[in-house]
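Structure first, commentary second.
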Amino acid sequence: MFRLVACIVALAALVSCTVPTKDVTDEVLDLGDFVLGHNIVVAPDIKKGPLSREADTEAFIASMKNAIDARMGASRYNGTRLVHFGVNINGYALAQKGVPLLLQPKSAIILTVTAWDDRAGGKFNEEAKEIFVLESFTGSSLFASSGFSMTAEEQMANLTYNAARQIEKWMHENRACLVDEVSKEDLENCWNDNRNEEMRRQLEEQRN
């Protein structure tokens, strides 16, 4: 638990620069023959970071499910390779009001994702994919904490929007294994980079 809390604190010190929109208007990526099946989000052991606002767990789960459906549902991807998602929200920090220009806490979320191959009846990735996400800056949070300008629900929507985008990028990175005929070489190269080593390195630097 201490390590998770430390990760959340460190994440809140990192920087993100993109701005989410309510609707997903990003270009559709190449995900092979991907089509979304079950979208299961749980948070049995969710941890709140220090100095964080309280978040309703069920609201967080609903926000994550909605974000995945909006970004990766049949309106954007309608292939024939059915993929189920199992998402576990491990921890979060929702920024409270800080001191503008001096203390600007940022919101963050930590989750793990498992993709299930409906056709094979098993996991694509044996080791869960680690995803660490910061909130995106908006115009009002460029100079002050989002705790001043956003409700907890808006912060959750911001974080889950970004998390769904990371899941989409992960599917794109493994698109070679989301088609009917997968070569042995492609199969060996898919689903291997599930530990976020770069973020782990940054987290270690933030703690030291």
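Labels for the structure tokens follow display order: chains A, B, ..., residues from 1 in each chain, ligands from 1.
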Non-local contacts of range 51-60 of chain A (7 Å; only C-alpha atoms; under 6 positions in same chain excluded) as a short mmCIF file (atom, residue, chain, number, x, y, z; two decimals) with N, CA and C atoms, in the first residue's frame:
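So around_8.cif came out as:
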```cif
data_model
loop_
_atom_site.label_atom_id
_atom_site.label_comp_id
_atom_site.auth_asym_id
_atom_site.auth_seq_id
_atom_site.Cartn_x
_atom_site.Cartn_y
_atom_site.Cartn_z
N ALA A 93 -5.76 9.94 -7.15
CA ALA A 93 -5.64 11.18 -6.40
C ALA A 93 -6.43 12.23 -7.16
N LEU A 94 -7.38 12.86 -6.51
CA LEU A 94 -8.14 13.95 -7.10
C LEU A 94 -7.72 15.24 -6.41
N ALA A 95 -7.13 16.13 -7.19
CA ALA A 95 -6.53 17.34 -6.62
C ALA A 95 -7.56 18.18 -5.88
N GLN A 96 -7.14 18.68 -4.72
CA GLN A 96 -7.93 19.66 -4.00
C GLN A 96 -7.39 21.04 -4.31
N ALA A 152 -15.16 16.84 -8.50
CA ALA A 152 -14.56 15.51 -8.46
C ALA A 152 -15.00 14.68 -9.65
N MET A 156 -12.65 12.97 -12.50
CA MET A 156 -12.71 11.56 -12.85
C MET A 156 -12.90 11.38 -14.34
#
```
Next item on the list: Could you give me the residues within range 17-178 of chain A that DSSP places in helix (DSSP H, G or I), as a VMD selection string?
Entry: chain A and resid 57 to 72 139 to 141 146 to 149 152 to 173 175 to 177
Export of the given selection (N, CA and C atoms) as a CSV table (one decimal), in the first residue's frame:
```
chain,number,residue,atom,x,y,z
A,57,THR,N,-16.6,5.3,-5.5
A,57,THR,CA,-16.0,4.2,-6.2
A,57,THR,C,-16.9,3.8,-7.4
A,58,GLU,N,-18.2,3.7,-7.1
A,58,GLU,CA,-19.1,3.3,-8.2
A,58,GLU,C,-19.1,4.4,-9.3
A,59,ALA,N,-19.0,5.6,-9.0
A,59,ALA,CA,-19.0,6.7,-10.0
A,59,ALA,C,-17.7,6.6,-10.8
A,60,PHE,N,-16.6,6.2,-10.1
A,60,PHE,CA,-15.3,6.1,-10.8
A,60,PHE,C,-15.4,4.9,-11.8
A,61,ILE,N,-16.0,3.8,-11.4
A,61,ILE,CA,-16.1,2.6,-12.2
A,61,ILE,C,-17.0,3.0,-13.4
A,62,ALA,N,-18.1,3.7,-13.2
A,62,ALA,CA,-19.0,4.0,-14.3
A,62,ALA,C,-18.3,5.0,-15.3
A,63,SER,N,-17.5,5.9,-14.8
A,63,SER,CA,-16.8,6.8,-15.6
A,63,SER,C,-15.8,6.1,-16.5
A,64,MET,N,-15.1,5.1,-15.9
A,64,MET,CA,-14.1,4.3,-16.7
A,64,MET,C,-14.8,3.5,-17.8
A,65,LYS,N,-15.9,2.9,-17.4
A,65,LYS,CA,-16.6,2.1,-18.4
A,65,LYS,C,-17.2,2.9,-19.5
A,66,ASN,N,-17.7,4.1,-19.2
A,66,ASN,CA,-18.2,5.0,-20.2
A,66,ASN,C,-17.1,5.5,-21.2
A,67,ALA,N,-16.0,5.8,-20.6
A,67,ALA,CA,-14.8,6.2,-21.4
A,67,ALA,C,-14.4,5.2,-22.4
A,68,ILE,N,-14.3,3.9,-21.9
A,68,ILE,CA,-13.9,2.8,-22.8
A,68,ILE,C,-14.9,2.6,-23.9
A,69,ASP,N,-16.2,2.6,-23.5
A,69,ASP,CA,-17.3,2.4,-24.5
A,69,ASP,C,-17.2,3.5,-25.6
A,70,ALA,N,-17.0,4.8,-25.1
A,70,ALA,CA,-17.1,5.9,-26.1
A,70,ALA,C,-15.9,5.8,-27.0
A,71,ARG,N,-14.7,5.4,-26.6
A,71,ARG,CA,-13.5,5.4,-27.4
A,71,ARG,C,-13.4,4.1,-28.2
A,72,MET,N,-13.8,3.0,-27.7
A,72,MET,CA,-13.5,1.7,-28.3
A,72,MET,C,-14.7,0.9,-28.7
A,139,GLY,N,-7.8,25.1,-19.8
A,139,GLY,CA,-7.4,26.5,-19.7
A,139,GLY,C,-7.4,27.0,-18.3
A,140,SER,N,-8.4,26.6,-17.4
A,140,SER,CA,-8.5,27.1,-16.1
A,140,SER,C,-7.5,26.4,-15.1
A,141,SER,N,-6.9,25.2,-15.5
A,141,SER,CA,-6.0,24.6,-14.6
A,141,SER,C,-4.5,24.8,-15.0
A,146,SER,N,-6.6,21.9,-10.6
A,146,SER,CA,-7.9,21.6,-11.1
A,146,SER,C,-8.9,21.6,-9.9
A,147,GLY,N,-8.4,21.5,-8.7
A,147,GLY,CA,-9.3,21.5,-7.6
A,147,GLY,C,-10.1,22.8,-7.4
A,148,PHE,N,-9.6,23.9,-8.0
A,148,PHE,CA,-10.3,25.1,-8.0
A,148,PHE,C,-11.4,25.2,-9.1
A,149,SER,N,-11.2,24.5,-10.2
A,149,SER,CA,-12.1,24.7,-11.3
A,149,SER,C,-12.9,23.5,-11.7
A,152,ALA,N,-15.2,16.8,-8.5
A,152,ALA,CA,-14.6,15.5,-8.5
A,152,ALA,C,-15.0,14.7,-9.7
A,153,GLU,N,-16.3,14.8,-10.0
A,153,GLU,CA,-16.8,14.1,-11.2
A,153,GLU,C,-16.1,14.5,-12.5
A,154,GLU,N,-15.8,15.8,-12.6
A,154,GLU,CA,-15.1,16.3,-13.8
A,154,GLU,C,-13.7,15.8,-13.8
A,155,GLN,N,-13.1,15.7,-12.7
A,155,GLN,CA,-11.7,15.2,-12.6
A,155,GLN,C,-11.7,13.7,-13.0
A,156,MET,N,-12.6,13.0,-12.5
A,156,MET,CA,-12.7,11.6,-12.8
A,156,MET,C,-12.9,11.4,-14.3
A,157,ALA,N,-13.8,12.2,-14.9
A,157,ALA,CA,-14.0,12.1,-16.4
A,157,ALA,C,-12.7,12.4,-17.2
A,158,ASN,N,-12.0,13.4,-16.7
A,158,ASN,CA,-10.7,13.8,-17.3
A,158,ASN,C,-9.7,12.6,-17.3
A,159,LEU,N,-9.6,12.0,-16.1
A,159,LEU,CA,-8.7,10.9,-16.0
A,159,LEU,C,-9.1,9.7,-16.8
A,160,THR,N,-10.3,9.3,-16.7
A,160,THR,CA,-10.8,8.1,-17.4
A,160,THR,C,-10.7,8.3,-18.9
A,161,TYR,N,-11.0,9.5,-19.4
A,161,TYR,CA,-10.8,9.8,-20.8
A,161,TYR,C,-9.4,9.5,-21.2
A,162,ASN,N,-8.4,10.0,-20.5
A,162,ASN,CA,-7.0,9.7,-20.8
A,162,ASN,C,-6.6,8.3,-20.7
A,163,ALA,N,-7.2,7.6,-19.7
A,163,ALA,CA,-6.9,6.2,-19.5
A,163,ALA,C,-7.4,5.3,-20.6
A,164,ALA,N,-8.6,5.6,-21.1
A,164,ALA,CA,-9.2,4.9,-22.3
A,164,ALA,C,-8.3,5.1,-23.5
A,165,ARG,N,-7.8,6.3,-23.6
A,165,ARG,CA,-6.9,6.6,-24.8
A,165,ARG,C,-5.6,5.8,-24.7
A,166,GLN,N,-5.1,5.6,-23.5
A,166,GLN,CA,-3.9,4.7,-23.3
A,166,GLN,C,-4.2,3.3,-23.7
A,167,ILE,N,-5.4,2.8,-23.3
A,167,ILE,CA,-5.8,1.4,-23.6
A,167,ILE,C,-5.9,1.3,-25.1
A,168,GLU,N,-6.5,2.3,-25.8
A,168,GLU,CA,-6.6,2.2,-27.3
A,168,GLU,C,-5.2,2.2,-27.9
A,169,LYS,N,-4.3,3.0,-27.4
A,169,LYS,CA,-2.9,3.0,-27.9
A,169,LYS,C,-2.3,1.6,-27.7
A,170,TRP,N,-2.5,1.0,-26.6
A,170,TRP,CA,-2.0,-0.4,-26.3
A,170,TRP,C,-2.5,-1.4,-27.3
A,171,MET,N,-3.8,-1.3,-27.6
A,171,MET,CA,-4.3,-2.2,-28.6
A,171,MET,C,-3.7,-2.0,-30.0
A,172,HIS,N,-3.5,-0.7,-30.3
A,172,HIS,CA,-2.8,-0.3,-31.6
A,172,HIS,C,-1.4,-0.9,-31.6
A,173,GLU,N,-0.7,-0.9,-30.5
A,173,GLU,CA,0.7,-1.4,-30.5
A,173,GLU,C,0.7,-2.9,-30.7
A,175,ARG,N,-1.7,-4.6,-32.6
A,175,ARG,CA,-2.6,-4.8,-33.7
A,175,ARG,C,-2.3,-6.0,-34.5
A,176,ALA,N,-1.0,-6.4,-34.6
A,176,ALA,CA,-0.6,-7.5,-35.4
A,176,ALA,C,-1.1,-8.8,-34.9
A,177,CYS,N,-1.5,-8.9,-33.6
A,177,CYS,CA,-2.0,-10.1,-33.1
A,177,CYS,C,-3.6,-10.0,-32.9
```
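Interatomic distance, CA of Asn39 in chain A to CA of Asn88 in chain A: 11.2 Å.
Distances from A:Asn189, A:Ser107, A:Asn90, A:Ser75 to Ile131 in chain A were compared using only C-alpha atoms, and the smallest one belongs to A:Asn90.
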